[in-house]
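Everything on this sheet refers to the single structure shown next.
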Amino acid sequence: MNTEPTTEPTTDLFVNGTLMRGLALHPNLAGAEFLGEARTVPRYRLHSIGDAHPGMYRLDPKEEDGGRGVSVAGEVYRVPADVLRRVEAGEPPGLHRGPVELTDGRTLDGILYPRELAEGHHLDISAYGGWRAYTAARPRPARAGTAGTWAWHHSGVVVPDLGAAVDFHRRVLGFEVAFEALGMTDLISGLLGIPGLGCDLVQCVSPVSGARLELLSFRDVPAGTDPRLPVWPGVAHTAHLVDDLDAALDGLAEAGGELIGQVTEFAEGRAAYCWTPSRTVVELEEQPCPDH
């Protein structure tokens, strides 16, 4: 009998965007081995998709000798199968795995984006030769207001039937599912200050504008819960990114706002739901601002 332990296969993966070290989706690579920096052969084009992440595609063979192709910088990781599944589940809409040819002669799996969705629709940043070089050249995002927000993240709305709402937004309005969290309990209870609350949510992205919409459905909402809280169908909130949540909450309080539940720690960072003085709801999410 074979008693040797079995190990899952690994994949050497070339990444060129927010999966790279120090960037937003790099935590999805936890458990992968960093093998080094690398570049593609000069046969690719690179676009900024909504200024949130890059989209790379290879030119057609007949175009490769015309000087349009560029060499794109990235990083290579040895990725276990379970980590690869997590990486693929967390990728923004449109991104997919495909073969990428590197200058050292290797052809590895890489992260690609459909040309038909990038060309003519999103800013071509090929001249920068990589996502880091492009983001380093971008103007520094300004902080806005006393909360110091540096980006609007999403609008959220509660729906009675999450599956039907997602289907409608995908089929009729063209939204693409970017993220889902099903079976949330303790985190959402803490965020809203309602013990025993359950929630499923899906975030969708418009391929037209890049706008992000969060659809939420709640269960076990106690009778008598404030009808203005975003746990009832039709009630909405907006979410904004800050790089210092404590300072943002101080700024919000100075203007008459107040914390609803508790500051809650998510995988992406801390977050809080807050009342505005007019008793609408805003969510503040703590993420590092991409200063350059």
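Just so we're on the same page: first chain in the structure tokens is A, next is B, and so on; residues restart at 1 for each chain, and ligands are numbered from 1 in the order they show up.
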Per-residue nearest contacts of range 44-156 of chain A to range 230-240 of chain A (9 Å; only C-alpha atoms) as a tab-separated table:
```
residue	atom	partner	partner_atom	distance
A:Thr149	CA	A:His240	CA	6.3
A:Trp150	CA	A:His240	CA	7.6
A:Ala151	CA	A:His240	CA	5.9
A:Trp152	CA	A:His240	CA	4.5
A:His153	CA	A:His240	CA	5.2
A:His154	CA	A:Ala239	CA	5.2
A:Ser155	CA	A:Thr238	CA	4.4
A:Gly156	CA	A:His237	CA	5.2
```
Contact table range 184-248 of chain A vs range 120-131 of chain A, cut-off 12 Å, shortest pair per residue, only C-alpha atoms, as a tab-separated table:
```
residue	atom	partner	partner_atom	distance
A:Pro207	CA	A:His121	CA	9.4
A:Val208	CA	A:His121	CA	8.2
A:Ser209	CA	A:His121	CA	9.5
A:Gly210	CA	A:His122	CA	10.1
```
Tell me, which residues of range 34-279 of chain A carry DSSP strand (DSSP E or B), written as a PyMOL selection string? chain A and resi 34-40+44-49+53-58+70+73-80+96-102+107-112+123-124+144+149-158+176-184+198-205+212-219+236-242+258-259+264-266+269-275
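Counting only C-alpha atoms and comparing A:Glu88, A:Glu63, A:Glu75, A:Asp51, the residue that lies closest to Ala211 in chain A is A:Asp51.
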DSSP alpha helix (DSSP H) residues within range 78-206 of chain A, as a ChimeraX atom specification: /A:81-89,115-118,131-137,162-171,186-192
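Across the structure, CA of Tyr113 in chain A and CA of His53 in chain A are spaced 10.5 Å apart.
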Nearest to Ser48 in chain A among A:Pro61, A:Asp246, A:Ala118, A:Pro80, with distances taken over only C-alpha atoms: which residue is it? A:Ala118
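Ranking A:Met56, A:Ala267, A:Leu182, A:Leu197 by their shortest atom-to-atom distance to Val15 in chain A, with only C-alpha atoms included, puts A:Met56 first.
Nearest residue to Met184 in chain A among A:Asp220, A:Glu268, A:Glu283, A:Asp82 is A:Asp220, counting only C-alpha atoms.
Here CA of Ala89 in chain A and CA of Phe179 in chain A stand 7.9 Å from one another.
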Range 166-169 of chain A environment, 10 Å, only C-alpha atoms, sequence neighbours closer than 6 positions dropped, as an MDAnalysis selection string: chainID A and resid 159 175:177 201:206 213:216
Can you write just those residues out, all heavy atoms, as a tab-separated table (two decimals), in the first residue's frame?
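Done, and the output landed in again-v8.tsv:
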```tsv
chain	number	residue	atom	x	y	z
A	159	VAL	N	-32.56	43.83	-1.29
A	159	VAL	CA	-33.56	43.25	-2.19
A	159	VAL	C	-34.25	42.08	-1.48
A	159	VAL	O	-33.66	41.44	-0.61
A	159	VAL	CB	-32.92	42.78	-3.51
A	159	VAL	CG1	-32.32	43.96	-4.26
A	159	VAL	CG2	-31.85	41.71	-3.26
A	175	PHE	N	-24.75	43.75	-15.92
A	175	PHE	CA	-23.78	43.72	-14.82
A	175	PHE	C	-23.09	42.35	-14.77
A	175	PHE	O	-23.65	41.33	-15.18
A	175	PHE	CB	-24.47	43.99	-13.48
A	175	PHE	CG	-24.66	45.45	-13.17
A	175	PHE	CD1	-25.65	46.19	-13.81
A	175	PHE	CD2	-23.85	46.08	-12.25
A	175	PHE	CE1	-25.83	47.53	-13.53
A	175	PHE	CE2	-24.02	47.43	-11.96
A	175	PHE	CZ	-25.01	48.16	-12.60
A	176	GLU	N	-21.87	42.35	-14.24
A	176	GLU	CA	-21.10	41.12	-14.08
A	176	GLU	C	-20.79	40.94	-12.59
A	176	GLU	O	-20.42	41.89	-11.91
A	176	GLU	CB	-19.79	41.20	-14.87
A	176	GLU	CG	-20.01	41.36	-16.37
A	176	GLU	CD	-18.74	41.70	-17.12
A	176	GLU	OE1	-17.75	42.10	-16.45
A	176	GLU	OE2	-18.72	41.58	-18.35
A	177	VAL	N	-20.96	39.72	-12.09
A	177	VAL	CA	-20.70	39.45	-10.68
A	177	VAL	C	-19.21	39.54	-10.41
A	177	VAL	O	-18.39	38.90	-11.09
A	177	VAL	CB	-21.24	38.07	-10.27
A	177	VAL	CG1	-20.80	37.71	-8.85
A	177	VAL	CG2	-22.76	38.04	-10.38
A	201	LEU	N	-24.80	38.62	0.23
A	201	LEU	CA	-24.60	39.78	-0.63
A	201	LEU	C	-23.81	39.41	-1.86
A	201	LEU	O	-22.98	38.50	-1.84
A	201	LEU	CB	-23.94	40.94	0.12
A	201	LEU	CG	-22.47	40.86	0.54
A	201	LEU	CD1	-21.52	41.24	-0.58
A	201	LEU	CD2	-22.22	41.75	1.74
A	202	VAL	N	-24.06	40.15	-2.93
A	202	VAL	CA	-23.34	40.00	-4.18
A	202	VAL	C	-23.00	41.40	-4.69
A	202	VAL	O	-23.87	42.28	-4.72
A	202	VAL	CB	-24.17	39.25	-5.24
A	202	VAL	CG1	-23.47	39.27	-6.61
A	202	VAL	CG2	-24.43	37.82	-4.81
A	203	GLN	N	-21.75	41.61	-5.05
A	203	GLN	CA	-21.35	42.87	-5.69
A	203	GLN	C	-21.20	42.64	-7.18
A	203	GLN	O	-20.56	41.69	-7.62
A	203	GLN	CB	-20.05	43.39	-5.09
A	203	GLN	CG	-20.19	43.89	-3.67
A	203	GLN	CD	-18.94	44.54	-3.13
A	203	GLN	OE1	-17.89	44.56	-3.77
A	203	GLN	NE2	-19.04	45.12	-1.93
A	204	CYS	N	-21.84	43.52	-7.95
A	204	CYS	CA	-21.82	43.45	-9.41
A	204	CYS	C	-21.17	44.71	-9.96
A	204	CYS	O	-21.25	45.78	-9.35
A	204	CYS	CB	-23.24	43.33	-9.96
A	204	CYS	SG	-24.20	41.96	-9.31
A	205	VAL	N	-20.54	44.57	-11.12
A	205	VAL	CA	-19.86	45.70	-11.75
A	205	VAL	C	-20.45	45.91	-13.14
A	205	VAL	O	-20.66	44.96	-13.90
A	205	VAL	CB	-18.35	45.46	-11.85
A	205	VAL	CG1	-17.66	46.58	-12.62
A	205	VAL	CG2	-17.75	45.35	-10.45
A	206	SER	N	-20.70	47.18	-13.47
A	206	SER	CA	-21.17	47.51	-14.81
A	206	SER	C	-19.99	47.53	-15.77
A	206	SER	O	-19.02	48.26	-15.55
A	206	SER	CB	-21.84	48.90	-14.81
A	206	SER	OG	-22.02	49.36	-16.14
A	213	LEU	N	-22.25	47.86	-7.79
A	213	LEU	CA	-23.53	47.80	-7.10
A	213	LEU	C	-23.54	46.59	-6.19
A	213	LEU	O	-23.25	45.47	-6.62
A	213	LEU	CB	-24.68	47.71	-8.11
A	213	LEU	CG	-26.08	47.50	-7.53
A	213	LEU	CD1	-26.52	48.74	-6.74
A	213	LEU	CD2	-27.08	47.20	-8.64
A	214	GLU	N	-23.90	46.82	-4.92
A	214	GLU	CA	-23.99	45.72	-3.96
A	214	GLU	C	-25.46	45.40	-3.70
A	214	GLU	O	-26.24	46.27	-3.31
A	214	GLU	CB	-23.30	46.12	-2.66
A	214	GLU	CG	-23.27	45.03	-1.60
A	214	GLU	CD	-22.48	45.44	-0.38
A	214	GLU	OE1	-23.05	46.13	0.50
A	214	GLU	OE2	-21.28	45.10	-0.32
A	215	LEU	N	-25.83	44.15	-3.93
A	215	LEU	CA	-27.19	43.67	-3.67
A	215	LEU	C	-27.15	42.82	-2.41
A	215	LEU	O	-26.32	41.90	-2.29
A	215	LEU	CB	-27.69	42.86	-4.85
A	215	LEU	CG	-27.72	43.59	-6.21
A	215	LEU	CD1	-27.99	42.62	-7.34
A	215	LEU	CD2	-28.74	44.71	-6.20
A	216	LEU	N	-28.03	43.12	-1.45
A	216	LEU	CA	-28.03	42.43	-0.17
A	216	LEU	C	-29.41	41.88	0.14
A	216	LEU	O	-30.43	42.48	-0.21
A	216	LEU	CB	-27.62	43.38	0.97
A	216	LEU	CG	-26.33	44.18	0.84
A	216	LEU	CD1	-26.66	45.58	0.33
A	216	LEU	CD2	-25.61	44.26	2.17
```
Nearest to Glu265 in chain A by atom-to-atom distance, counting only C-alpha atoms, from A:Glu285, A:Asp104, A:Glu119, A:Asp250: A:Glu285
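Across A:Leu84, A:Val70, A:Val221, A:Ala133, the tightest approach to Ser189 in chain A is made by A:Val221 when counting only C-alpha atoms.
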Residues within 12 Å of Leu35 in chain A, please, as number ranges by chain. Count only C-alpha atoms; anything in the same chain fewer than 3 positions from it doesn't count. A: 11-15, 20-21, 32, 38, 74-79
For the selection you just gave me, I'd like the residues written to a file as a compact mmCIF listing (two decimals), in the first residue's frame, keeping all heavy atoms.
```
# COMPACT_ATOMS: atom_id res chain seq x y z
N THR A 11 0.74 25.52 -9.76
CA THR A 11 0.77 26.19 -11.05
C THR A 11 1.67 27.42 -10.93
O THR A 11 1.52 28.21 -10.00
CB THR A 11 -0.64 26.65 -11.46
OG1 THR A 11 -1.50 25.50 -11.58
CG2 THR A 11 -0.62 27.41 -12.79
N ASP A 12 2.62 27.56 -11.85
CA ASP A 12 3.40 28.79 -11.90
C ASP A 12 2.58 29.83 -12.65
O ASP A 12 2.20 29.63 -13.81
CB ASP A 12 4.73 28.55 -12.60
CG ASP A 12 5.70 27.76 -11.72
OD1 ASP A 12 5.35 27.46 -10.56
OD2 ASP A 12 6.81 27.43 -12.19
N LEU A 13 2.30 30.93 -11.96
CA LEU A 13 1.36 31.94 -12.46
C LEU A 13 2.03 33.29 -12.59
O LEU A 13 2.66 33.78 -11.64
CB LEU A 13 0.17 32.04 -11.49
CG LEU A 13 -0.94 33.01 -11.85
CD1 LEU A 13 -1.72 32.51 -13.06
CD2 LEU A 13 -1.89 33.20 -10.66
N PHE A 14 1.88 33.92 -13.76
CA PHE A 14 2.37 35.28 -13.99
C PHE A 14 1.23 36.26 -13.74
O PHE A 14 0.15 36.13 -14.32
CB PHE A 14 2.86 35.43 -15.44
CG PHE A 14 3.27 36.83 -15.81
CD1 PHE A 14 4.51 37.33 -15.46
CD2 PHE A 14 2.40 37.66 -16.51
CE1 PHE A 14 4.88 38.62 -15.80
CE2 PHE A 14 2.75 38.95 -16.86
CZ PHE A 14 4.00 39.43 -16.50
N VAL A 15 1.46 37.21 -12.85
CA VAL A 15 0.44 38.23 -12.54
C VAL A 15 1.02 39.60 -12.86
O VAL A 15 2.21 39.84 -12.71
CB VAL A 15 -0.02 38.14 -11.07
CG1 VAL A 15 -0.57 36.76 -10.76
CG2 VAL A 15 1.12 38.48 -10.09
N MET A 20 -0.12 41.63 -7.42
CA MET A 20 1.30 41.80 -7.12
C MET A 20 1.50 42.28 -5.68
O MET A 20 0.58 42.79 -5.04
CB MET A 20 1.94 42.76 -8.12
CG MET A 20 1.98 42.22 -9.55
SD MET A 20 3.00 43.19 -10.69
CE MET A 20 2.08 44.74 -10.75
N ARG A 21 2.71 42.12 -5.20
CA ARG A 21 3.05 42.45 -3.82
C ARG A 21 2.65 43.89 -3.48
O ARG A 21 2.92 44.82 -4.23
CB ARG A 21 4.56 42.28 -3.59
CG ARG A 21 5.04 40.84 -3.64
CD ARG A 21 6.55 40.76 -3.69
NE ARG A 21 7.06 41.42 -4.89
CZ ARG A 21 8.35 41.66 -5.11
NH1 ARG A 21 9.25 41.31 -4.21
NH2 ARG A 21 8.75 42.24 -6.22
N ALA A 32 1.03 31.07 -1.60
CA ALA A 32 1.79 30.89 -2.84
C ALA A 32 3.24 31.31 -2.60
O ALA A 32 3.54 32.12 -1.73
CB ALA A 32 1.18 31.68 -3.98
N ALA A 38 9.26 39.27 -13.56
CA ALA A 38 9.42 38.79 -14.93
C ALA A 38 8.74 39.78 -15.87
O ALA A 38 7.99 40.67 -15.43
CB ALA A 38 8.82 37.40 -15.10
N GLY A 74 5.67 42.06 -14.53
CA GLY A 74 4.82 41.37 -13.57
C GLY A 74 5.63 40.54 -12.61
O GLY A 74 6.86 40.70 -12.49
N GLU A 75 4.96 39.61 -11.95
CA GLU A 75 5.59 38.74 -10.95
C GLU A 75 5.12 37.31 -11.18
O GLU A 75 4.00 37.08 -11.67
CB GLU A 75 5.22 39.18 -9.54
CG GLU A 75 5.68 40.58 -9.19
CD GLU A 75 5.17 41.08 -7.85
OE1 GLU A 75 4.32 40.39 -7.24
OE2 GLU A 75 5.61 42.16 -7.43
N VAL A 76 5.97 36.35 -10.80
CA VAL A 76 5.65 34.94 -10.96
C VAL A 76 5.54 34.28 -9.59
O VAL A 76 6.39 34.50 -8.71
CB VAL A 76 6.71 34.21 -11.81
CG1 VAL A 76 6.40 32.72 -11.90
CG2 VAL A 76 6.77 34.82 -13.21
N TYR A 77 4.50 33.48 -9.42
CA TYR A 77 4.25 32.77 -8.17
C TYR A 77 4.01 31.30 -8.45
O TYR A 77 3.43 30.94 -9.49
CB TYR A 77 3.01 33.35 -7.45
CG TYR A 77 3.23 34.74 -6.91
CD1 TYR A 77 3.08 35.85 -7.74
CD2 TYR A 77 3.60 34.95 -5.59
CE1 TYR A 77 3.29 37.12 -7.26
CE2 TYR A 77 3.81 36.22 -5.10
CZ TYR A 77 3.65 37.30 -5.93
OH TYR A 77 3.86 38.58 -5.45
N ARG A 78 4.44 30.45 -7.52
CA ARG A 78 4.08 29.04 -7.56
C ARG A 78 2.87 28.86 -6.66
O ARG A 78 2.94 29.05 -5.45
CB ARG A 78 5.26 28.17 -7.12
CG ARG A 78 4.98 26.68 -7.17
CD ARG A 78 6.28 25.91 -7.36
NE ARG A 78 6.87 26.18 -8.68
CZ ARG A 78 8.17 26.06 -8.96
NH1 ARG A 78 9.02 25.69 -8.01
NH2 ARG A 78 8.62 26.32 -10.18
N VAL A 79 1.74 28.50 -7.27
CA VAL A 79 0.45 28.62 -6.60
C VAL A 79 -0.15 27.23 -6.38
O VAL A 79 -0.44 26.52 -7.36
CB VAL A 79 -0.51 29.48 -7.42
CG1 VAL A 79 -1.80 29.72 -6.66
CG2 VAL A 79 0.14 30.82 -7.80
```
Please provide the set of residues having any atom within 9 Å of Gly256 in chain A, restricted to only C-alpha atoms, with same-chain residues fewer than 6 positions apart removed, written as number ranges by chain. A: 275-277
Just-selected residues, all heavy atoms written as a CSV table (one decimal), in the first residue's frame:
```
chain,number,residue,atom,x,y,z
A,275,TRP,N,-24.7,56.5,10.6
A,275,TRP,CA,-25.8,57.4,10.3
A,275,TRP,C,-25.2,58.8,9.9
A,275,TRP,O,-24.2,59.3,10.4
A,275,TRP,CB,-26.7,57.7,11.5
A,275,TRP,CG,-27.5,56.6,12.0
A,275,TRP,CD1,-27.4,55.9,13.2
A,275,TRP,CD2,-28.6,56.0,11.4
A,275,TRP,NE1,-28.4,55.0,13.4
A,275,TRP,CE2,-29.2,55.0,12.2
A,275,TRP,CE3,-29.2,56.2,10.1
A,275,TRP,CZ2,-30.2,54.2,11.9
A,275,TRP,CZ3,-30.3,55.4,9.8
A,275,TRP,CH2,-30.8,54.4,10.7
A,276,THR,N,-25.9,59.4,8.9
A,276,THR,CA,-25.6,60.8,8.6
A,276,THR,C,-26.6,61.6,9.4
A,276,THR,O,-27.6,61.0,10.0
A,276,THR,CB,-25.8,61.1,7.1
A,276,THR,OG1,-27.2,61.0,6.8
A,276,THR,CG2,-25.0,60.1,6.2
A,277,PRO,N,-26.4,62.9,9.5
A,277,PRO,CA,-27.4,63.7,10.3
A,277,PRO,C,-28.8,63.6,9.8
A,277,PRO,O,-29.8,63.7,10.5
A,277,PRO,CB,-26.8,65.1,10.1
A,277,PRO,CG,-25.4,65.0,9.9
A,277,PRO,CD,-25.2,63.7,9.1
```
What separation in Å, quoted to one decimal, exists between CA of Ala164 in chain A and CA of Ser217 in chain A? 11.0 Å
